[in-house]
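So this block is target.txt, compact mmCIF, C-alpha atoms and all ligand atoms:
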```
# COMPACT_ATOMS: atom_id res chain seq x y z
CA MET A 105 108.65 94.65 78.27
CA ALA A 106 109.02 97.50 75.77
CA MET A 107 111.07 99.56 78.21
CA LEU A 108 114.04 97.19 77.88
CA GLN A 109 114.00 97.01 74.08
CA GLY A 110 117.46 97.95 72.81
CA ARG A 111 118.71 98.93 76.29
CA ARG A 112 122.33 98.12 77.11
CA ILE A 113 122.54 96.37 80.44
CA LEU A 114 125.88 95.71 82.06
CA LEU A 115 125.33 92.81 84.44
CA GLY A 116 127.86 92.50 87.25
CA VAL A 117 127.99 89.07 88.85
CA THR A 118 129.67 88.75 92.26
CA GLY A 119 130.57 85.68 94.26
CA GLY A 120 127.44 84.24 95.83
CA ILE A 121 125.55 81.03 95.26
CA ALA A 122 122.71 82.99 93.65
CA ALA A 123 125.12 83.57 90.73
CA TYR A 124 123.73 80.39 89.18
CA LYS A 125 120.42 82.24 88.66
CA SER A 126 122.17 85.11 86.90
CA ALA A 127 122.62 83.01 83.77
CA ASP A 128 118.84 82.75 83.57
CA LEU A 129 118.64 86.49 84.29
CA VAL A 130 120.78 87.15 81.20
CA ARG A 131 118.37 85.04 79.12
CA ARG A 132 115.35 86.88 80.49
CA LEU A 133 116.89 90.31 79.92
CA LYS A 134 117.68 89.33 76.36
CA ASP A 135 114.15 87.99 75.88
CA ALA A 136 112.94 91.45 76.93
CA GLY A 137 115.03 92.98 74.13
CA ALA A 138 118.06 94.12 76.13
CA ASP A 139 121.67 93.91 74.97
CA VAL A 140 123.59 92.34 77.86
CA ARG A 141 127.30 92.29 78.70
CA VAL A 142 128.55 90.42 81.73
CA VAL A 143 131.31 91.42 84.11
CA MET A 144 132.31 88.79 86.65
CA THR A 145 134.36 89.13 89.80
CA ARG A 146 136.92 86.51 90.80
CA GLY A 147 134.49 85.28 93.46
CA ALA A 148 131.73 84.80 90.92
CA GLU A 149 133.99 82.58 88.83
CA GLU A 150 134.24 80.21 91.80
CA PHE A 151 130.50 79.59 91.41
CA VAL A 152 129.82 79.77 87.67
CA ARG A 153 132.22 79.52 84.75
CA PRO A 154 132.55 82.55 82.45
CA LEU A 155 131.76 80.24 79.53
CA THR A 156 128.17 79.91 80.81
CA PHE A 157 127.65 83.67 80.65
CA GLN A 158 129.44 83.92 77.33
CA ALA A 159 127.07 81.32 75.90
CA VAL A 160 123.87 82.94 77.19
CA SER A 161 124.89 86.54 76.46
CA GLY A 162 126.52 85.77 73.12
CA GLN A 163 129.35 88.12 74.14
CA PRO A 164 132.77 87.65 75.72
CA VAL A 165 132.71 87.94 79.51
CA HIS A 166 134.75 90.73 81.08
CA ASN A 167 136.59 89.86 84.25
CA SER A 168 139.91 91.63 84.46
CA LEU A 169 140.94 95.22 84.96
CA LEU A 170 144.57 94.60 84.18
CA ASP A 171 144.37 92.40 81.08
CA PRO A 172 145.84 94.46 78.21
CA GLN A 173 144.06 92.34 75.58
CA ALA A 174 140.64 92.77 77.18
CA GLU A 175 141.26 96.47 77.73
CA ALA A 176 142.21 96.84 74.07
CA ALA A 177 138.96 95.12 72.98
CA MET A 178 136.61 97.08 75.24
CA GLY A 179 138.22 98.84 78.15
CA HIS A 180 136.65 99.61 81.51
CA ILE A 181 135.87 103.21 80.57
CA GLU A 182 134.23 102.11 77.33
CA LEU A 183 132.14 99.55 79.20
CA ALA A 184 131.14 102.19 81.73
CA ARG A 185 130.07 104.51 78.90
CA TRP A 186 128.40 101.72 76.94
CA ALA A 187 125.95 100.81 79.72
CA ASP A 188 122.46 102.33 79.89
CA ALA A 189 122.22 100.71 83.31
CA VAL A 190 124.50 98.66 85.55
CA LEU A 191 122.85 95.84 87.49
CA ILE A 192 124.81 93.81 90.03
CA ALA A 193 123.09 90.49 90.68
CA PRO A 194 123.85 88.87 92.94
CA ALA A 195 125.44 91.60 95.03
CA THR A 196 127.24 90.03 98.01
CA ALA A 197 127.71 91.75 101.36
CA ASP A 198 131.32 92.30 100.35
CA ALA A 199 130.32 93.86 97.02
CA LEU A 200 127.92 96.25 98.81
CA ALA A 201 130.66 97.22 101.28
CA ARG A 202 133.17 97.86 98.50
CA LEU A 203 130.67 99.92 96.51
CA ALA A 204 129.69 101.91 99.60
CA HIS A 205 133.34 102.80 100.15
CA GLY A 206 133.99 103.62 96.50
CA LEU A 207 136.71 101.00 96.08
CA ALA A 208 137.97 100.43 92.58
CA ASP A 209 140.27 97.45 92.86
CA ASP A 210 138.66 95.25 90.23
CA LEU A 211 136.89 95.68 86.91
CA LEU A 212 133.34 95.78 88.28
CA THR A 213 133.90 98.32 91.06
CA THR A 214 135.94 100.47 88.70
CA ILE A 215 133.10 100.50 86.16
CA CYS A 216 130.66 101.43 88.94
CA LEU A 217 132.76 104.50 89.74
CA ALA A 218 133.31 105.37 86.08
CA THR A 219 129.71 105.13 84.89
CA GLU A 220 127.03 107.78 84.85
CA ALA A 221 124.34 105.17 84.16
CA PRO A 222 121.89 104.22 86.92
CA LEU A 223 123.28 101.54 89.23
CA ALA A 224 121.09 98.84 90.75
CA VAL A 225 122.08 96.05 93.10
CA ALA A 226 120.24 92.84 93.94
CA PRO A 227 121.62 91.80 97.34
CA ALA A 228 121.92 88.10 98.10
CA MET A 229 123.31 86.78 101.34
CA ASN A 230 122.60 84.94 104.57
CA ARG A 231 119.85 86.66 106.56
CA ILE A 232 122.13 87.51 109.49
CA MET A 233 124.67 89.10 107.18
CA TRP A 234 121.83 91.13 105.59
CA ALA A 235 120.61 92.27 109.03
CA HIS A 236 124.12 93.12 110.26
CA PRO A 237 124.52 96.83 111.12
CA ALA A 238 127.52 97.06 108.79
CA THR A 239 125.46 95.86 105.83
CA ARG A 240 122.54 98.06 106.84
CA ALA A 241 124.82 101.10 106.95
CA ASN A 242 126.33 100.24 103.57
CA VAL A 243 122.88 99.82 102.00
CA ASP A 244 121.65 103.09 103.53
CA GLN A 245 124.69 104.87 102.13
CA LEU A 246 124.19 103.39 98.67
CA ARG A 247 120.48 104.23 98.69
CA ALA A 248 121.23 107.79 99.77
CA ARG A 249 123.60 107.99 96.79
CA GLY A 250 120.78 107.04 94.44
CA VAL A 251 121.70 103.37 93.99
CA HIS A 252 118.59 101.27 93.40
CA ILE A 253 118.28 98.37 95.84
CA PHE A 254 116.31 95.50 94.31
CA GLY A 255 115.11 93.22 97.09
CA PRO A 256 116.26 91.07 98.68
CA GLY A 257 113.33 88.70 99.03
CA ALA A 258 112.64 86.50 102.02
CA GLY A 259 112.36 82.73 102.16
CA ASP A 260 114.53 79.61 102.12
CA GLN A 261 118.23 80.31 101.84
CA ALA A 262 120.99 78.19 100.34
CA CYS A 263 122.60 78.01 103.80
CA GLY A 264 119.51 76.22 105.14
CA GLU A 265 118.14 79.22 107.03
CA VAL A 266 114.93 81.10 106.37
CA GLY A 267 114.71 84.87 106.22
CA ALA A 268 115.47 88.03 104.25
CA GLY A 269 118.47 87.87 101.94
CA ARG A 270 117.40 85.86 98.88
CA MET A 271 118.17 87.41 95.54
CA LEU A 272 114.97 88.37 93.72
CA GLU A 273 113.95 85.93 91.01
CA PRO A 274 115.18 86.70 87.46
CA LEU A 275 111.76 87.82 86.22
CA GLU A 276 111.35 90.17 89.18
CA LEU A 277 114.77 91.62 88.39
CA VAL A 278 113.83 92.10 84.74
CA ASP A 279 110.72 93.94 85.89
CA ALA A 280 112.71 96.13 88.28
CA THR A 281 115.39 96.85 85.67
CA ALA A 282 112.69 97.89 83.21
CA GLY A 283 111.50 100.27 85.92
CA LEU A 284 114.85 102.07 85.66
CA PHE A 285 113.78 103.17 82.20
CA GLY A 286 110.22 104.00 83.15
CA SER A 287 108.89 107.47 82.72
CA SER A 288 110.63 110.20 84.66
CA LEU A 289 107.37 111.78 85.80
CA LEU A 290 108.37 111.54 89.46
CA ARG A 291 112.15 111.51 89.07
CA GLY A 292 113.75 112.48 92.37
CA VAL A 293 110.40 112.88 94.16
CA SER A 294 109.91 111.09 97.50
CA VAL A 295 106.60 109.32 97.83
CA LEU A 296 105.31 107.91 101.11
CA ILE A 297 102.53 105.32 100.83
CA THR A 298 100.44 103.45 103.39
CA ALA A 299 98.95 100.10 102.42
CA GLY A 300 97.08 97.12 103.75
CA PRO A 301 94.91 96.70 106.82
CA THR A 302 95.88 97.46 110.39
CA ARG A 303 95.60 94.87 113.13
CA GLU A 304 94.31 96.01 116.51
CA PRO A 305 95.02 93.54 119.31
CA ILE A 306 92.30 92.42 121.75
CA ASP A 307 94.55 90.16 123.80
CA PRO A 308 97.81 88.31 123.05
CA VAL A 309 96.05 85.91 120.61
CA ARG A 310 93.18 87.89 119.07
CA TYR A 311 92.81 91.03 117.03
CA ILE A 312 90.43 93.14 114.94
CA THR A 313 91.27 93.68 111.30
CA ASN A 314 89.62 94.08 107.88
CA ARG A 315 89.65 92.59 104.39
CA SER A 316 92.25 94.87 102.81
CA SER A 317 94.94 92.87 100.97
CA GLY A 318 97.29 95.80 100.34
CA LYS A 319 97.36 94.99 96.60
CA MET A 320 96.34 98.48 95.50
CA GLY A 321 98.89 100.28 97.68
CA PHE A 322 101.66 97.89 96.63
CA ALA A 323 100.71 98.48 92.97
CA VAL A 324 100.88 102.26 93.54
CA ALA A 325 104.35 101.77 95.10
CA ARG A 326 105.48 99.79 92.07
CA ALA A 327 104.09 102.35 89.64
CA ALA A 328 105.70 105.22 91.55
CA VAL A 329 109.12 103.51 91.41
CA ALA A 330 108.65 102.99 87.67
CA ALA A 331 107.96 106.74 87.39
CA GLY A 332 111.33 107.44 89.02
CA ALA A 333 110.16 108.18 92.58
CA ARG A 334 111.92 107.22 95.80
CA VAL A 335 109.24 105.21 97.53
CA THR A 336 108.68 104.31 101.16
CA LEU A 337 105.82 101.93 101.82
CA VAL A 338 104.41 101.70 105.34
CA ALA A 339 102.55 98.41 105.27
CA GLY A 340 100.13 96.82 107.68
CA PRO A 341 100.10 93.02 107.79
CA CYS A 342 100.06 92.03 104.09
CA ASN A 343 101.12 88.80 102.52
CA LEU A 344 102.76 90.49 99.54
CA PRO A 345 106.38 90.69 98.36
CA THR A 346 108.09 94.07 98.59
CA PRO A 347 108.19 95.67 95.13
CA ALA A 348 111.74 96.10 93.87
CA GLY A 349 113.27 99.46 94.69
CA VAL A 350 110.80 100.18 97.50
CA GLU A 351 111.77 100.77 101.12
CA ARG A 352 109.22 98.91 103.23
CA VAL A 353 108.35 99.55 106.86
CA ASP A 354 106.11 96.90 108.42
CA VAL A 355 103.66 97.90 111.14
CA GLU A 356 100.64 96.29 112.78
CA THR A 357 98.44 98.85 114.49
CA ALA A 358 97.07 102.23 113.39
CA GLU A 359 99.12 103.93 116.10
CA GLN A 360 102.30 102.29 114.82
CA MET A 361 101.35 103.29 111.27
CA LEU A 362 100.87 106.90 112.36
CA GLU A 363 104.24 106.88 114.10
CA ALA A 364 106.01 105.37 111.06
CA VAL A 365 104.35 107.92 108.76
CA MET A 366 105.05 110.95 110.94
CA ALA A 367 108.71 109.92 111.27
CA ARG A 368 109.04 110.03 107.47
CA VAL A 369 106.55 112.60 106.27
CA ASP A 370 108.94 115.56 106.41
CA ALA A 371 111.06 113.91 103.72
CA ALA A 372 108.07 113.18 101.45
CA GLN A 373 106.67 115.40 98.72
CA ILE A 374 103.70 113.14 98.06
CA PHE A 375 101.69 111.07 100.55
CA VAL A 376 99.31 108.38 99.32
CA ALA A 377 97.09 106.84 102.01
CA SER A 378 95.75 103.61 100.61
CA ALA A 379 95.74 101.70 103.90
CA ALA A 380 92.43 100.54 105.30
CA VAL A 381 93.18 101.80 108.79
CA ALA A 382 90.94 100.37 111.50
CA ASP A 383 88.76 103.20 112.75
CA TYR A 384 88.73 101.82 116.30
CA ARG A 385 91.07 99.99 118.64
CA LEU A 386 90.53 98.41 122.03
CA ALA A 387 90.40 100.88 124.89
CA GLN A 388 92.40 98.36 126.89
CA VAL A 389 94.32 95.44 125.40
CA ALA A 390 94.12 92.45 127.76
CA ALA A 391 97.54 91.37 128.99
CA SER A 392 96.57 87.70 128.97
CA LYS A 393 94.16 85.60 126.93
CA ILE A 394 90.52 86.44 127.69
CA LYS A 395 88.70 83.33 128.95
CA LYS A 396 85.27 82.39 127.63
CA SER A 397 83.69 82.44 131.08
CA GLN A 398 80.72 84.67 130.25
CA ASP A 399 77.82 84.12 127.83
CA ALA A 400 78.19 87.60 126.40
CA MET A 401 81.00 90.07 126.46
CA GLN A 402 81.55 93.66 125.45
CA LEU A 403 84.65 95.24 124.10
CA GLU A 404 85.17 98.93 124.56
CA LEU A 405 86.58 100.57 121.45
CA VAL A 406 88.15 104.00 121.07
CA ARG A 407 88.82 105.96 117.90
CA ASN A 408 92.12 105.51 116.15
CA PRO A 409 94.07 108.53 114.92
CA ASP A 410 93.22 109.64 111.39
CA ILE A 411 96.63 109.28 109.72
CA LEU A 412 95.63 110.92 106.45
CA GLY A 413 93.80 113.72 108.26
CA THR A 414 96.88 114.33 110.43
CA VAL A 415 99.17 114.58 107.40
CA ALA A 416 96.71 116.72 105.43
CA GLY A 417 96.48 119.06 108.42
CA LEU A 418 100.23 119.74 108.63
CA GLN A 419 101.24 123.36 108.19
CA VAL A 420 103.84 122.42 105.61
CA GLY A 421 102.87 119.03 104.32
CA PRO A 422 103.15 116.87 101.22
CA PHE A 423 100.69 116.62 98.33
CA THR A 424 98.08 114.30 99.86
CA VAL A 425 96.12 111.59 98.12
CA GLY A 426 93.43 109.68 99.99
CA PHE A 427 91.33 106.68 99.12
CA ALA A 428 87.66 106.22 99.78
CA ALA A 429 85.73 102.97 99.68
CA GLU A 430 82.04 103.59 99.17
CA THR A 431 78.98 101.42 98.72
CA ASP A 432 76.69 104.13 97.31
CA ASP A 433 76.60 107.72 96.08
CA MET A 434 80.32 107.45 95.61
CA HIS A 435 81.02 110.73 93.87
CA ALA A 436 79.26 112.91 96.44
CA TYR A 437 80.71 111.10 99.48
CA ALA A 438 84.21 111.10 98.02
CA GLU A 439 84.18 114.81 97.16
CA ASP A 440 82.82 115.59 100.62
CA LYS A 441 85.62 113.53 102.18
CA ARG A 442 88.24 115.25 100.02
CA GLN A 443 87.12 118.67 101.12
CA ARG A 444 86.55 117.75 104.77
CA LYS A 445 90.02 116.23 105.12
CA GLY A 446 91.68 118.95 103.02
CA LEU A 447 93.11 116.51 100.47
CA ASP A 448 94.69 117.39 97.16
CA MET A 449 93.19 114.30 95.55
CA ILE A 450 90.92 111.40 96.39
CA ALA A 451 90.61 108.04 94.66
CA ALA A 452 87.27 106.40 95.34
CA ASN A 453 86.30 102.85 94.59
CA TRP A 454 83.18 100.83 94.94
CA VAL A 455 83.27 98.12 97.53
CA GLY A 456 80.85 95.25 97.89
CA ARG A 457 80.71 94.72 94.11
CA PRO A 458 82.14 91.53 92.66
CA GLY A 459 85.49 91.69 90.86
CA THR A 460 86.82 95.03 92.15
CA GLY A 461 87.88 96.56 95.46
CA PHE A 462 89.16 94.56 98.44
CA ASP A 463 91.46 91.65 97.63
CA ALA A 464 90.48 91.65 93.93
CA ASP A 465 93.13 91.79 91.21
CA ASP A 466 91.23 94.39 89.21
CA ASN A 467 90.01 97.79 90.28
CA SER A 468 88.32 100.90 89.00
CA LEU A 469 88.72 104.32 90.57
CA GLU A 470 86.91 107.62 90.44
CA VAL A 471 89.65 110.21 90.99
CA LEU A 472 88.69 113.71 92.10
CA TRP A 473 90.68 116.89 92.69
CA GLU A 474 89.89 120.58 92.96
CA GLY A 475 88.10 121.42 89.76
CA GLY A 476 88.55 118.09 87.98
CA GLY A 477 88.25 114.35 87.92
CA ALA A 478 88.90 111.16 85.96
CA SER A 479 87.61 107.59 85.85
CA LEU A 480 90.23 104.83 85.78
CA GLY A 481 89.64 101.18 84.90
CA PRO A 482 88.24 98.65 85.35
CA ALA A 483 91.70 97.18 84.74
CA PRO A 484 94.38 95.20 86.62
CA LYS A 485 95.44 97.08 89.75
CA LEU A 486 98.95 97.77 88.41
CA GLN A 487 97.54 99.45 85.31
CA VAL A 488 95.10 101.49 87.39
CA ALA A 489 98.01 102.40 89.69
CA GLU A 490 100.11 103.56 86.74
CA GLU A 491 97.30 105.82 85.54
CA LEU A 492 96.76 107.13 89.06
CA VAL A 493 100.49 107.90 89.42
CA ARG A 494 100.35 109.80 86.12
CA LEU A 495 97.46 111.93 87.43
CA VAL A 496 99.19 112.49 90.77
CA ALA A 497 102.41 113.53 88.99
CA GLU A 498 100.53 116.02 86.81
CA ARG A 499 98.60 117.56 89.70
CA TYR A 500 101.70 117.57 91.91
CA SER A 501 103.81 119.37 89.31
CA ASP A 502 101.01 121.93 88.90
CA THR A 503 101.06 122.65 92.63
CA VAL A 504 104.87 122.89 92.70
CA GLN A 505 104.84 125.36 89.81
CA ALA A 506 101.93 127.38 91.22
O1 LIG B 601 87.54 108.45 106.54
P1 LIG B 601 87.84 107.24 105.76
O2 LIG B 601 88.36 106.09 106.57
O3 LIG B 601 86.74 106.77 104.83
O4 LIG B 601 89.01 107.73 104.78
C1 LIG B 601 89.71 106.85 103.99
C2 LIG B 601 91.07 107.42 103.73
O5 LIG B 601 91.67 107.85 104.94
C3 LIG B 601 92.03 106.41 103.16
O6 LIG B 601 92.93 107.10 102.33
C4 LIG B 601 92.75 105.87 104.40
O7 LIG B 601 94.03 105.38 104.10
C5 LIG B 601 92.81 107.08 105.28
N1 LIG B 601 92.72 106.82 106.71
C6 LIG B 601 93.80 107.06 107.53
N2 LIG B 601 93.71 106.87 108.89
C7 LIG B 601 92.55 106.44 109.44
C8 LIG B 601 91.44 106.20 108.62
C9 LIG B 601 91.55 106.39 107.27
O8 LIG B 601 94.88 107.43 107.02
N3 LIG B 601 92.48 106.27 110.75
```
Written as structure tokens, how would this file's structure read?
Amino acid sequence: MAMLQGRRILLGVTGGIAAYKSADLVRRLKDAGADVRVVMTRGAEEFVRPLTFQAVSGQPVHNSLLDPQAEAAMGHIELARWADAVLIAPATADALARLAHGLADDLLTTICLATEAPLAVAPAMNRIMWAHPATRANVDQLRARGVHIFGPGAGDQACGEVGAGRMLEPLELVDATAGLFGSSLLRGVSVLITAGPTREPIDPVRYITNRSSGKMGFAVARAAVAAGARVTLVAGPCNLPTPAGVERVDVETAEQMLEAVMARVDAAQIFVASAAVADYRLAQVAASKIKKSQDAMQLELVRNPDILGTVAGLQVGPFTVGFAAETDDMHAYAEDKRQRKGLDMIAANWVGRPGTGFDADDNSLEVLWEGGGASLGPAPKLQVAEELVRLVAERYSDTVQA
């Protein structure tokens, strides 16, 4: 993880049970080459002793704002200046609330106000606390202020419940923290991405869908965050974790995806449509389960809205990037699609070939734009996504300057 080599990470630990994982996080950050200093709140010390963090970081732990000795050694302003990034993990609901309100009544919150370094938080709390409108409002406020929100993940919780609110695992946090130092190709740019399949209901128990895993779109989201973008990912049903720093909106049908996209497209400068949107939906969804009473049955299908086409057709719209999955004559079909839909860029991939495309971990893309093109891969999807994001950033900045 070259991006963390020599970086100074100030790790704030607040009082949640996930604090026990933060000792491992320190180890992992150090393994990645970072220099780590730990600031603990009083609550955190109820869960893990400062000595643990001192041992793993190899540095004294900072925990008091009003200790003259500690201030003389390295005061809060010095710590705030020292940090290349401040990461709070775990960040409790209380810590998020105090940050949102700009409180500065302990060492950690004071440093957060006094630093100009990027601030990231890894929330960890009971799922109901995470879903509470007060927490939601605090997180929205922090995000609007440019604070990076890493996670939380979903799954088993220490309180015995299951849901969203788990702190991301240490390695995921290392990855996300490295992303803070990624390129600044898309710094401050809002990117809206669709990913995954859509699911079109037939009746309450059945639906039509396709083989898309969402892996490519999620990789593009990750790469865009690493390039400094603010990323919103509108995802059809995908069994994939939300990349750190990404705002995810889950939808099922093409119509819901269109609605979610149109509600956010005004705020986006770049739109990447990687979703495999079902072309058709049922003309009429049955209200109750269809019985197998007949030997044959017919379903009437109607066309779904073309989400990408709708966005590309906006009077004042974002830079649009579409995907095309082709089985033959890829270049010609893709270029035709690009022009027909009025896209700024199209990324075409072969489908029906082993090892790339749907659900595979690797991919190769033929990327085309007005007057140019590039071949990417075959390589792991994240690497292909990083190269695609680089191309998008270049073309986008050309159009902004033009
Ligand atoms: O026309 P076709 O489905 O081949 O175009 C593929 C591109 O269009 C992809 O980028 C896909 O995300 C997008 N698309 C869409 N809405 C649809 C169908 C496709 O956004 N209804």
Name the residues, by chain letter and number, that sit within 6 Å of ligand LIG 601 (chain B) using only C-alpha atoms and all ligand atoms, and give them as a PyMOL selection string.
chain A and resi 377-381+383+408-412+426-428
Compile the contact shell of A:Ile374 as number ranges by chain: residues with an atom at most 7 Å away, counting only C-alpha atoms, same-chain residues fewer than 6 positions apart removed.
A: 294-296, 422-424
Once you have the residues from the selection above, write them out as a compact mmCIF listing (two decimals), keeping the file's coordinate frame, restricted to C-alpha atoms.
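The resulting out_8.txt:
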```txt
# COMPACT_ATOMS: atom_id res chain seq x y z
CA SER A 294 109.91 111.09 97.50
CA VAL A 295 106.60 109.32 97.83
CA LEU A 296 105.31 107.91 101.11
CA PRO A 422 103.15 116.87 101.22
CA PHE A 423 100.69 116.62 98.33
CA THR A 424 98.08 114.30 99.86
```
Distance cut-off 9 Å, centre (108.6, 110.8, 89.5) in file coordinates, counting only C-alpha atoms: which residues qualify? Return them as a VMD selection string.
chain A and resid 287 to 295 328 to 334 493 to 494 497
Using only C-alpha atoms, which protein or nucleic acid residues come within 8 Å of A:Leu203? Drop anything in the same chain fewer than 4 positions from it, and give the result as a ChimeraX atom specification.
/A:199,207,213,216,246
What gap, in Å, lies between atom CA of A:Ala483 and atom CA of A:Leu277?
24.0 Å
Kindly indicate which residue among A:Met229, A:Val130, A:Ala400, A:Leu200 lies nearest to A:Gly259, using only C-alpha atoms for the distances.
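Of A:Met229, A:Val130, A:Ala400, A:Leu200, the one nearest A:Gly259, counting only C-alpha atoms, is A:Met229.
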From (143.5, 95.4, 81.8), in the file's coordinates, out to 12 Å: which residues are reached, counting all atoms listed in the file? Answer as a list in words.
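Collected hits near the coordinates: His166, Asn167, Ser168, Leu169, Leu170, Asp171, Pro172, Gln173, Ala174, Glu175, Ala176, Ala177, Met178, Gly179, His180, Ile181, Asp209, Asp210, Leu211 and Thr214 of chain A.
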Among A:Ile394, A:Leu155, A:Ala323, A:Ala364, A:Arg310 is approached most closely, using all atoms listed in the file, by A:Ile394
Nearest to A:Pro227 by atom-to-atom distance, counting only C-alpha atoms, from A:Gly147, A:Pro308, A:Gly349, A:Gly250:
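When distances to A:Pro227 are compared using only C-alpha atoms, the smallest one comes from A:Gly349.
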